[in-house]
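One structure below.
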Amino acid sequence: LAKTTQPISMDSYEGQEVNITCSHNNIATNDYITWYQQFPSQGPRFIIQGYKTKVTNEVASLFIPADRKSSTLSLPRVSLSDTAVYYCLVGDPRNYGQNFVFGPGTRLSVLP
Amino acid sequence: GAGVSQSPSNKVTEKGKDVELRCDPISGHTALYWYRQSLGQGLEFLIYFQGNSAPDKSGLPSDRFSAERTGGSVSTLTIQRTQQEDSAVYLCASSLASRENDEQFFGPGTRLTVL
């Protein structure tokens with residue numbers, strides 16, 4: 001199972017773009033990269049998932065370089081409500097027998 | 001409702017008692033997951049069900065923990081002889097478990113406090 005490494009915390013200001021990078025050097029060929037967001041006292045919520053290059057949805061973009069050993073979650077123009085913990089997961093959707101390791105995540109604090 | 005539900009939302013118990021936590025997944029979701037989250041920590045994977053089957057139970061912290069799923073739907077996580085270190089939020093999630101869509105939908109969790 002690919003292990004992921006993320007910064008423990010990040011600070012930003014309202015209106016700025018935030019980029020959170022996740023390292024996954026041992027990513028396997030069939031692994032996808034998924035990001036979740038968690039607010040206090042709530043369960044995590046899916047943000048975005050990708051396999052390679054770039055994926056964009058209404059809330060974020062995910063950039064994955066050709067070697068796939070890292071990925072970057074990009075949040076455009078953050079607001080105070082984006083303050084949360086962000087988790088990067090790597091795994092093969094076909095193999096649900098593996099442990100899903102969320103890790104400590106990145107605690108993003110958006111300041112006014 | 002259309003989301004994952006868990007009950008109870010809060011449970012306070014005395015050390016040594018047994019507790020049962022319930023998870024109702026989204027209808028049609030074949031995969032169901034249990035996680036544990038201690039205060040200020042990341043999520044700890046406990047067990048996964050594909051249908052009613054749990055292929056790997058090695059994530060359960062001890063033999064005091066057990067889980068079952070019936071009818072491909074409701075799941076219960078049972079903790080016997082609870083200890084103070086079992087205090088945490090227990091989260092359940094479900095997914096379609098397909099390659100095209102393996103997004104996990106999480107419930108609100110059960111906050112367990114062992115006195």
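Chain labels run A, B, ... following the order of the structure tokens; each chain numbers its residues from 1, and ligands are numbered from 1 in the order shown.
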
>> Please check the contacts: residues of chain B at most 8 Å away from chain A, using only C-alpha atoms, listed as a PyMOL selection string.
In response: chain B and resi 41-45+47-48+50+55-56+59+91+97-99+102-109

Contact residues around region 13-26 of chain B with only C-alpha atoms at 10 Å, ignoring same-chain residues under 3 positions, as a short mmCIF file (atom, residue, chain, number, x, y, z; two decimals) with N, CA and C atoms, in the first residue's frame:
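And here's result-v3.cif as it stands now:
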```
data_model
loop_
_atom_site.label_atom_id
_atom_site.label_comp_id
_atom_site.auth_asym_id
_atom_site.auth_seq_id
_atom_site.Cartn_x
_atom_site.Cartn_y
_atom_site.Cartn_z
N GLY B 1 -33.31 9.27 5.18
CA GLY B 1 -32.43 10.16 4.43
C GLY B 1 -31.58 9.39 3.47
N ALA B 2 -30.86 10.10 2.61
CA ALA B 2 -30.09 9.46 1.56
C ALA B 2 -28.66 9.19 1.97
N GLY B 3 -28.23 9.67 3.13
CA GLY B 3 -26.84 9.52 3.52
C GLY B 3 -26.63 8.34 4.43
N VAL B 4 -25.38 8.19 4.87
CA VAL B 4 -25.02 7.16 5.83
C VAL B 4 -25.45 7.63 7.22
N SER B 5 -26.11 6.77 7.93
CA SER B 5 -26.51 7.13 9.29
C SER B 5 -25.87 6.19 10.28
N GLN B 6 -25.61 6.74 11.48
CA GLN B 6 -25.00 5.95 12.53
C GLN B 6 -25.75 6.19 13.84
N SER B 7 -25.80 5.16 14.64
CA SER B 7 -26.44 5.33 15.94
C SER B 7 -25.72 4.48 16.97
N PRO B 8 -25.69 4.91 18.24
CA PRO B 8 -26.13 6.23 18.67
C PRO B 8 -25.13 7.29 18.24
N SER B 9 -25.49 8.55 18.37
CA SER B 9 -24.54 9.61 18.04
C SER B 9 -23.50 9.76 19.14
N ASN B 10 -23.94 9.51 20.36
CA ASN B 10 -23.04 9.56 21.52
C ASN B 10 -23.32 8.36 22.41
N HIS B 29 -25.07 0.57 -1.84
CA HIS B 29 -23.61 0.57 -1.68
C HIS B 29 -23.15 -0.80 -1.17
N THR B 30 -22.28 -1.42 -1.94
CA THR B 30 -21.85 -2.77 -1.58
C THR B 30 -20.72 -2.78 -0.58
N ALA B 31 -19.93 -1.72 -0.56
CA ALA B 31 -18.78 -1.66 0.35
C ALA B 31 -19.11 -0.82 1.58
N LEU B 32 -18.66 -1.29 2.72
CA LEU B 32 -18.88 -0.57 3.99
C LEU B 32 -17.60 -0.62 4.79
N TYR B 33 -17.25 0.50 5.40
CA TYR B 33 -15.98 0.63 6.11
C TYR B 33 -16.23 1.16 7.52
N TRP B 34 -15.43 0.70 8.44
CA TRP B 34 -15.40 1.26 9.79
C TRP B 34 -14.02 1.86 10.05
N ARG B 64 -11.35 -7.94 21.25
CA ARG B 64 -12.58 -7.43 21.88
C ARG B 64 -13.49 -6.76 20.85
N PHE B 65 -12.92 -6.48 19.69
CA PHE B 65 -13.66 -5.83 18.61
C PHE B 65 -14.16 -6.87 17.61
N SER B 66 -15.42 -6.72 17.22
CA SER B 66 -15.96 -7.57 16.17
C SER B 66 -16.96 -6.76 15.36
N ALA B 67 -17.20 -7.19 14.15
CA ALA B 67 -18.15 -6.49 13.29
C ALA B 67 -18.86 -7.49 12.41
N GLU B 68 -20.09 -7.16 12.10
CA GLU B 68 -20.84 -7.99 11.17
C GLU B 68 -21.72 -7.10 10.31
N ARG B 69 -22.10 -7.69 9.19
CA ARG B 69 -22.99 -6.99 8.29
C ARG B 69 -23.99 -8.02 7.77
N GLY B 72 -26.35 -7.37 3.34
CA GLY B 72 -25.64 -6.40 2.51
C GLY B 72 -25.96 -4.97 2.86
N SER B 73 -26.48 -4.77 4.08
CA SER B 73 -26.88 -3.41 4.43
C SER B 73 -26.31 -3.03 5.80
N VAL B 74 -27.12 -3.12 6.82
CA VAL B 74 -26.75 -2.64 8.14
C VAL B 74 -25.52 -3.39 8.68
N SER B 75 -24.67 -2.63 9.36
CA SER B 75 -23.50 -3.22 9.99
C SER B 75 -23.46 -2.80 11.46
N THR B 76 -22.97 -3.71 12.28
CA THR B 76 -22.77 -3.38 13.69
C THR B 76 -21.32 -3.64 14.08
N LEU B 77 -20.77 -2.74 14.83
CA LEU B 77 -19.44 -2.88 15.40
C LEU B 77 -19.62 -3.07 16.90
N THR B 78 -19.13 -4.18 17.41
CA THR B 78 -19.30 -4.50 18.82
C THR B 78 -17.94 -4.45 19.52
N ILE B 79 -17.92 -3.78 20.65
CA ILE B 79 -16.71 -3.72 21.46
C ILE B 79 -17.07 -4.36 22.81
N GLN B 80 -16.38 -5.42 23.12
CA GLN B 80 -16.62 -6.11 24.39
C GLN B 80 -15.65 -5.62 25.45
N ARG B 81 -16.10 -5.64 26.68
CA ARG B 81 -15.23 -5.28 27.82
C ARG B 81 -14.47 -4.00 27.52
N THR B 82 -15.21 -2.94 27.26
CA THR B 82 -14.60 -1.67 26.83
C THR B 82 -13.52 -1.19 27.81
N GLN B 83 -12.53 -0.55 27.24
CA GLN B 83 -11.43 0.05 27.98
C GLN B 83 -11.41 1.55 27.69
N GLN B 84 -10.75 2.30 28.54
CA GLN B 84 -10.70 3.75 28.35
C GLN B 84 -10.04 4.13 27.03
N GLU B 85 -9.09 3.34 26.58
CA GLU B 85 -8.41 3.66 25.31
C GLU B 85 -9.31 3.43 24.10
N ASP B 86 -10.50 2.84 24.33
CA ASP B 86 -11.45 2.67 23.22
C ASP B 86 -12.21 3.97 22.94
N SER B 87 -12.09 4.93 23.83
CA SER B 87 -12.78 6.21 23.64
C SER B 87 -12.30 6.88 22.36
N TYR B 90 -16.19 6.77 16.25
CA TYR B 90 -16.20 5.65 15.32
C TYR B 90 -17.01 6.05 14.09
N LEU B 91 -16.34 6.04 12.96
CA LEU B 91 -16.94 6.49 11.70
C LEU B 91 -17.20 5.32 10.79
N CYS B 92 -18.32 5.38 10.12
CA CYS B 92 -18.70 4.39 9.13
C CYS B 92 -18.80 5.07 7.78
N ALA B 93 -18.42 4.37 6.74
CA ALA B 93 -18.54 4.91 5.39
C ALA B 93 -19.02 3.81 4.46
N SER B 94 -19.63 4.20 3.35
CA SER B 94 -20.02 3.22 2.35
C SER B 94 -19.67 3.74 0.96
N SER B 95 -19.55 2.82 0.03
CA SER B 95 -19.23 3.22 -1.34
C SER B 95 -19.78 2.20 -2.32
N LEU B 96 -19.82 2.62 -3.59
CA LEU B 96 -20.28 1.71 -4.64
C LEU B 96 -19.21 0.67 -4.97
N PHE B 105 -18.67 7.64 1.30
CA PHE B 105 -19.58 8.57 1.94
C PHE B 105 -19.60 8.24 3.43
N PHE B 106 -19.27 9.22 4.23
CA PHE B 106 -19.13 9.00 5.66
C PHE B 106 -20.39 9.39 6.42
N GLY B 107 -20.64 8.65 7.48
CA GLY B 107 -21.68 9.02 8.41
C GLY B 107 -21.16 10.04 9.42
N GLY B 109 -20.74 9.68 12.56
CA GLY B 109 -19.92 9.08 13.60
C GLY B 109 -20.67 8.85 14.90
N THR B 110 -20.12 7.96 15.69
CA THR B 110 -20.57 7.73 17.06
C THR B 110 -19.42 8.09 18.00
N ARG B 111 -19.68 9.01 18.89
CA ARG B 111 -18.65 9.39 19.87
C ARG B 111 -18.78 8.48 21.09
N LEU B 112 -17.78 7.66 21.30
CA LEU B 112 -17.78 6.72 22.42
C LEU B 112 -16.87 7.22 23.52
N THR B 113 -17.41 7.29 24.71
CA THR B 113 -16.64 7.69 25.89
C THR B 113 -16.72 6.56 26.90
N VAL B 114 -15.56 6.05 27.27
CA VAL B 114 -15.48 4.97 28.25
C VAL B 114 -14.93 5.56 29.55
N LEU B 115 -15.75 5.52 30.57
CA LEU B 115 -15.34 6.11 31.86
C LEU B 115 -14.55 5.14 32.70
#
```

>> I'd like the neighbourhood of Asp82 (chain A) as a list of chain:residue names, where a residue qualifies if any of its atoms comes within 8 Å (using only C-alpha atoms), though same-chain residues fewer than 3 positions away should be ignored.
In response: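 Selected residues are A:Val78, A:Ser79, A:Leu108, A:Ser109, A:Val110.
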
>> Excluding Thr53 (chain A) and its own-chain neighbours fewer than 6 positions away, which residues fall within 12 Å of it when counting only C-alpha atoms? Please give them as a PyMOL selection string.
In response: chain A and resi 32-33+61-72

>> Excluding Asp31 (chain A) and its own-chain neighbours fewer than 2 positions away, which residues fall within 9 Å of it when counting only C-alpha atoms? Please give them as a list in words.
In response: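 The contact residues come out as Ala2, Ile27, Ala28, Thr29, Ile33, Tyr51, Val90, Gly91, Asp92 and Pro93 of chain A.
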
> Taking the backbone alone, and naming residues the way the document does, which bits of chain B are strand (DSSP E or B) by DSSP, as a PyMOL selection string?
Replying inline: chain B and resi 5-7+10-13+19-24+31-37+43-50+53+65-69+75-79+88-95+98+101+105-106+110-114

>> I'd like the interatomic distance between CA of Ile8 (chain A) and CA of Ser58 (chain B), to a tenth of an Å.
In response: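 Separation between CA of Ile8 (chain A) and CA of Ser58 (chain B): 27.4 Å.
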